[in-house]
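Raw protein12.pdb, PDB, C-alpha atoms:
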ATOM      1  CA  MET H   7      -8.052   9.889  -7.552
ATOM      2  CA  ASN H   8      -7.486   8.404  -4.112
ATOM      3  CA  HIS H   9      -4.238   7.342  -2.487
ATOM      4  CA  TRP H  10      -3.594   4.203  -0.486
ATOM      5  CA  LEU H  11      -0.901   2.305   1.379
ATOM      6  CA  VAL H  12      -0.576  -1.482   1.353
ATOM      7  CA  LYS H  13       1.719  -3.491   3.566
ATOM      8  CA  SER H  14       3.516  -6.722   2.818
ATOM      9  CA  GLU H  15       6.286  -8.618   4.508
ATOM     10  CA  PRO H  16       9.064  -8.637   1.895
ATOM     11  CA  PHE H  17       9.810 -12.337   2.392
ATOM     12  CA  LYS H  18       6.177 -13.079   1.448
ATOM     13  CA  TYR H  19       5.791 -10.575  -1.395
ATOM     14  CA  SER H  20       8.212  -7.723  -2.024
ATOM     15  CA  PHE H  21       8.028  -4.696  -4.262
ATOM     16  CA  GLU H  22      10.910  -6.210  -6.246
ATOM     17  CA  GLN H  23       8.680  -9.217  -6.922
ATOM     18  CA  LEU H  24       5.882  -6.911  -8.089
ATOM     19  CA  LEU H  25       8.347  -5.260 -10.488
ATOM     20  CA  LYS H  26       9.222  -8.703 -11.881
ATOM     21  CA  ASP H  27       5.609  -9.899 -12.039
ATOM     22  CA  LYS H  28       4.349  -6.617 -13.597
ATOM     23  CA  LYS H  29       0.950  -7.218 -11.939
ATOM     24  CA  THR H  30      -0.461  -9.044  -8.924
ATOM     25  CA  ILE H  31      -3.706  -9.664  -7.115
ATOM     26  CA  TRP H  32      -3.682  -8.245  -3.582
ATOM     27  CA  ASP H  33      -5.116 -11.280  -1.802
ATOM     28  CA  GLY H  34      -5.250 -12.729   1.679
ATOM     29  CA  VAL H  35      -6.776  -9.668   3.377
ATOM     30  CA  ARG H  36      -8.812 -10.931   6.342
ATOM     31  CA  ASN H  37      -9.628  -7.739   8.206
ATOM     32  CA  TYR H  38     -12.985  -6.060   7.569
ATOM     33  CA  GLN H  39     -11.638  -2.502   7.626
ATOM     34  CA  ALA H  40      -8.819  -3.414   5.200
ATOM     35  CA  ARG H  41     -11.374  -5.261   3.032
ATOM     36  CA  ASN H  42     -13.578  -2.182   2.940
ATOM     37  CA  ASN H  43     -10.560  -0.142   1.865
ATOM     38  CA  LEU H  44      -9.943  -2.586  -0.997
ATOM     39  CA  LYS H  45     -13.581  -2.149  -2.027
ATOM     40  CA  ALA H  46     -13.136   1.645  -2.035
ATOM     41  CA  MET H  47     -10.180   1.549  -4.440
ATOM     42  CA  SER H  48     -10.727   2.836  -7.968
ATOM     43  CA  LYS H  49      -8.859   2.072 -11.169
ATOM     44  CA  ASP H  50      -5.672   4.181 -11.439
ATOM     45  CA  ASP H  51      -5.592   5.086  -7.724
ATOM     46  CA  LEU H  52      -1.980   5.323  -6.541
ATOM     47  CA  VAL H  53      -0.725   2.988  -3.820
ATOM     48  CA  LEU H  54       2.334   3.281  -1.601
ATOM     49  CA  PHE H  55       3.995  -0.106  -1.076
ATOM     50  CA  TYR H  56       5.283  -0.622   2.484
ATOM     51  CA  HIS H  57       7.608  -3.438   3.551
ATOM     52  CA  SER H  58       6.468  -4.458   7.034
ATOM     53  CA  ASN H  59       8.450  -6.308   9.726
ATOM     54  CA  GLU H  60      11.690  -6.364   7.679
ATOM     55  CA  GLY H  61      12.768  -2.892   6.678
ATOM     56  CA  LYS H  62       9.646  -1.082   7.875
ATOM     57  CA  GLU H  63       9.797   1.314   4.949
ATOM     58  CA  ILE H  64       7.842   2.585   1.968
ATOM     59  CA  VAL H  65       9.754   1.372  -1.065
ATOM     60  CA  GLY H  66       7.593   1.947  -4.128
ATOM     61  CA  ILE H  67       4.467   3.185  -5.837
ATOM     62  CA  ALA H  68       1.900   0.930  -7.471
ATOM     63  CA  LYS H  69      -1.473   1.620  -9.018
ATOM     64  CA  VAL H  70      -4.828  -0.122  -9.044
ATOM     65  CA  VAL H  71      -5.365  -1.733 -12.439
ATOM     66  CA  LYS H  72      -8.508  -3.717 -11.580
ATOM     67  CA  THR H  73     -11.049  -2.951  -8.887
ATOM     68  CA  PHE H  74     -12.294  -5.436  -6.306
ATOM     69  CA  TYR H  75     -13.653  -8.878  -7.013
ATOM     70  CA  GLN H  76     -14.047 -12.137  -5.061
ATOM     71  CA  ASP H  77     -10.755 -13.339  -3.534
ATOM     72  CA  PRO H  78      -9.903 -16.502  -5.492
ATOM     73  CA  THR H  79      -7.944 -17.923  -2.526
ATOM     74  CA  THR H  80     -11.140 -18.496  -0.516
ATOM     75  CA  ALA H  81     -14.716 -19.586  -1.122
ATOM     76  CA  ASP H  82     -15.913 -17.062   1.476
ATOM     77  CA  PRO H  83     -17.669 -14.251  -0.436
ATOM     78  CA  ASN H  84     -16.793 -11.729   2.299
ATOM     79  CA  TRP H  85     -13.218 -11.350   1.029
ATOM     80  CA  VAL H  86     -12.073  -9.467  -2.045
ATOM     81  CA  VAL H  87      -8.911  -8.607  -3.980
ATOM     82  CA  VAL H  88      -7.749  -5.822  -6.257
ATOM     83  CA  GLU H  89      -5.079  -6.004  -8.925
ATOM     84  CA  LEU H  90      -1.996  -3.812  -8.651
ATOM     85  CA  SER H  91       0.828  -3.030 -11.047
ATOM     86  CA  PRO H  92       4.079  -1.248 -10.239
ATOM     87  CA  VAL H  93       4.589   2.406 -11.133
ATOM     88  CA  LYS H  94       8.123   2.889  -9.827
ATOM     89  CA  LYS H  95      10.584   2.069  -7.113
ATOM     90  CA  LEU H  96      11.259   5.097  -4.917
ATOM     91  CA  LYS H  97      14.667   6.761  -5.308
ATOM     92  CA  LYS H  98      14.986   6.617  -1.529
ATOM     93  CA  SER H  99      12.863   4.445   0.720
ATOM     94  CA  VAL H 100      11.010   6.214   3.527
ATOM     95  CA  THR H 101      11.352   4.486   6.891
ATOM     96  CA  LEU H 102       8.735   4.249   9.592
ATOM     97  CA  GLU H 103      11.114   6.230  11.825
ATOM     98  CA  GLU H 104      11.230   9.086   9.293
ATOM     99  CA  ILE H 105       7.449   9.091   9.124
ATOM    100  CA  LYS H 106       7.139   9.118  12.921
ATOM    101  CA  THR H 107       9.512  12.083  13.203
ATOM    102  CA  THR H 108       7.799  14.122  10.468
ATOM    103  CA  LYS H 109       5.272  16.256  12.338
ATOM    104  CA  SER H 110       2.957  16.688   9.330
ATOM    105  CA  LEU H 111       2.572  12.881   9.169
ATOM    106  CA  ASN H 112       1.560  12.374  12.817
ATOM    107  CA  ASP H 113      -2.023  11.445  11.857
ATOM    108  CA  ILE H 114      -1.134   8.992   9.088
ATOM    109  CA  GLY H 115      -2.824   5.603   9.340
ATOM    110  CA  LEU H 116       0.533   3.846   9.363
ATOM    111  CA  ILE H 117       1.130   5.315  12.827
ATOM    112  CA  LYS H 118      -2.455   5.480  14.113
ATOM    113  CA  GLN H 119      -3.463   1.976  12.957
ATOM    114  CA  GLY H 120      -0.129   0.220  12.582
ATOM    115  CA  ARG H 121      -1.584  -3.260  12.149
ATOM    116  CA  LEU H 122      -3.964  -2.356   9.310
ATOM    117  CA  SER H 123      -2.680  -3.774   6.005
ATOM    118  CA  VAL H 124      -4.625  -1.577   3.553
ATOM    119  CA  MET H 125      -5.310   2.062   4.400
ATOM    120  CA  PRO H 126      -6.198   5.365   2.776
ATOM    121  CA  ILE H 127      -3.563   8.097   2.528
ATOM    122  CA  LYS H 128      -4.504  11.775   2.256
ATOM    123  CA  PRO H 129      -3.136  13.506  -0.875
ATOM    124  CA  GLU H 130      -0.972  15.815   1.250
ATOM    125  CA  GLU H 131       0.462  12.803   3.147
ATOM    126  CA  PHE H 132       1.199  11.081  -0.163
ATOM    127  CA  ASP H 133       3.023  14.190  -1.419
ATOM    128  CA  GLN H 134       4.920  14.572   1.864
ATOM    129  CA  ILE H 135       6.132  10.963   1.615
ATOM    130  CA  LEU H 136       7.210  11.506  -1.994
ATOM    131  CA  GLY H 137       9.139  14.544  -0.793
ATOM    132  CA  LEU H 138      10.914  12.428   1.834
ATOM    133  CA  ALA H 139      11.694   9.897  -0.919
ATOM    134  CA  GLU H 140      13.245  12.723  -3.000
ATOM    135  CA  GLU H 141      10.613  12.179  -5.704
ATOM    136  CA  LEU H 142       9.304  15.777  -5.752
TER
END
Represent the structure of the file as structure tokens.
Amino acid sequence: MNHWLVKSEPFKYSFEQLLKDKKTIWDGVRNYQARNNLKAMSKDDLVLFYHSNEGKEIVGIAKVVKTFYQDPTTADPNWVVVELSPVKKLKKSVTLEEIKTTKSLNDIGLIKQGRLSVMPIKPEEFDQILGLAEEL
């Protein structure tokens, strides 16, 4: 199993909306590296859900329920989507500031490639974040 982080501005699509919807397609990705990350996702991979711009915090865990296929919002075959469903809202959100001040997370993609919207997370980073969220 792999671990990932996806970013969304909460006014566009929040984790609370994912909880209500029970499932969503992760569409609109128009960066080749992020697209390649979507293509690398496998069914049941766990995904950290990050609210960007407003909040700047990891707020929940989702999972991949359907692997990549053509993005239905464009006719361009270069772009793909995956389907995600919520696993749980974190007991305590983990802010970008907390991540930046946690030495063991200094190499996390969220800091190194802050503009990337879909990125892999190492298992130990995933566990460290869950620890910060008081989930472990």
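When CA of Gly115 (chain H) is paired with CA of Lys62 (chain H), their separation reads 14.2 Å.
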Inset, instruction - Would you list the residues near (10.9, 5.2, 9.7), meaning any protein, DNA or RNA residue with an atom at most 12 Å from that point in file coordinates, counting only C-alpha atoms, as number ranges by chain? - result: H: 56-65, 99-108, 111, 116-117, 135, 138-139
Now that the selection is made, can you save its residues with C-alpha atoms as a compact mmCIF listing (two decimals), keeping the file's coordinate frame?
# COMPACT_ATOMS: atom_id res chain seq x y z
CA TYR H 56 5.28 -0.62 2.48
CA HIS H 57 7.61 -3.44 3.55
CA SER H 58 6.47 -4.46 7.03
CA ASN H 59 8.45 -6.31 9.73
CA GLU H 60 11.69 -6.36 7.68
CA GLY H 61 12.77 -2.89 6.68
CA LYS H 62 9.65 -1.08 7.88
CA GLU H 63 9.80 1.31 4.95
CA ILE H 64 7.84 2.58 1.97
CA VAL H 65 9.75 1.37 -1.06
CA SER H 99 12.86 4.44 0.72
CA VAL H 100 11.01 6.21 3.53
CA THR H 101 11.35 4.49 6.89
CA LEU H 102 8.74 4.25 9.59
CA GLU H 103 11.11 6.23 11.82
CA GLU H 104 11.23 9.09 9.29
CA ILE H 105 7.45 9.09 9.12
CA LYS H 106 7.14 9.12 12.92
CA THR H 107 9.51 12.08 13.20
CA THR H 108 7.80 14.12 10.47
CA LEU H 111 2.57 12.88 9.17
CA LEU H 116 0.53 3.85 9.36
CA ILE H 117 1.13 5.32 12.83
CA ILE H 135 6.13 10.96 1.62
CA LEU H 138 10.91 12.43 1.83
CA ALA H 139 11.69 9.90 -0.92
Legend entry - Residues returned when the PyMOL selection byres ((chain H and resi 94) around 9) runs on this file, as a VMD selection string: chain H and resid 25 66 to 68 92 to 93 95 to 97
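If all atoms listed in the file are the atoms counted, then among H:Ser48, H:Asn112, H:Ser91, H:Asn37 the closest residue to Thr73 (chain H) is H:Ser48.
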Starting from the PyMOL selection byres ((chain H and resi 50) around 7), expand the selection into actual residues of this file and give them as a PDB file with C-alpha atoms, keeping the file's coordinate frame.
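Result file out-v3.pdb:
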ATOM      1  CA  SER H  48     -10.727   2.836  -7.968  1.00  0.00           C
ATOM      2  CA  LYS H  49      -8.859   2.072 -11.169  1.00  0.00           C
ATOM      3  CA  ASP H  51      -5.592   5.086  -7.724  1.00  0.00           C
ATOM      4  CA  LEU H  52      -1.980   5.323  -6.541  1.00  0.00           C
ATOM      5  CA  LYS H  69      -1.473   1.620  -9.018  1.00  0.00           C
ATOM      6  CA  VAL H  70      -4.828  -0.122  -9.044  1.00  0.00           C
ATOM      7  CA  VAL H  71      -5.365  -1.733 -12.439  1.00  0.00           C
TER       8      VAL H  71
END
Inset, instruction - Tell me, in Å to one decimal, how far CA of Tyr75 (chain H) is from CA of Trp10 (chain H). - result: 17.7 Å
Legend entry - Resolved residues for the PyMOL selection byres ((chain H and resi 35) around 12) as a PyMOL selection string: chain H and resi 12-14+31-34+36-45+74+76-80+82+84-88+122-125
Inset, instruction - Please indicate the distance in Å from CA of Phe55 (chain H) to CA of Asp113 (chain H), rounded to one decimal place. - result: 18.4 Å
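Omitting Thr30 (chain H) and its sequence neighbours fewer than 6 positions away, and counting all atoms listed in the file, the residues within 7 Å are Leu24, Glu89, Leu90 and Ser91 of chain H.
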Find the smallest box with edges along x, y and z containing every listed atom of region 81-85 of chain H, then add 6 Å on each side and report centre and edge lengths in Å to one decimal, as lines of an AutoDock Vina configuration file.
center_x = -15.4
center_y = -15.5
center_z = 0.6
size_x = 16.5
size_y = 20.2
size_z = 15.4
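Using all atoms listed in the file, the smallest distance between any of H:Lys128, H:His9, H:Lys98, H:Lys18 and Leu54 (chain H) comes from H:His9.
Nearest-residue note for Leu11 (chain H): choosing from H:Val53, H:Lys26, H:Arg121, H:Asp133, the minimum distance belongs to H:Val53, counting only C-alpha atoms.
Of the listed residues (H:Ala46, H:Met7, H:Ala81, H:Ile114), H:Ile114 comes nearest to Glu131 (chain H); the distances count all atoms listed in the file.
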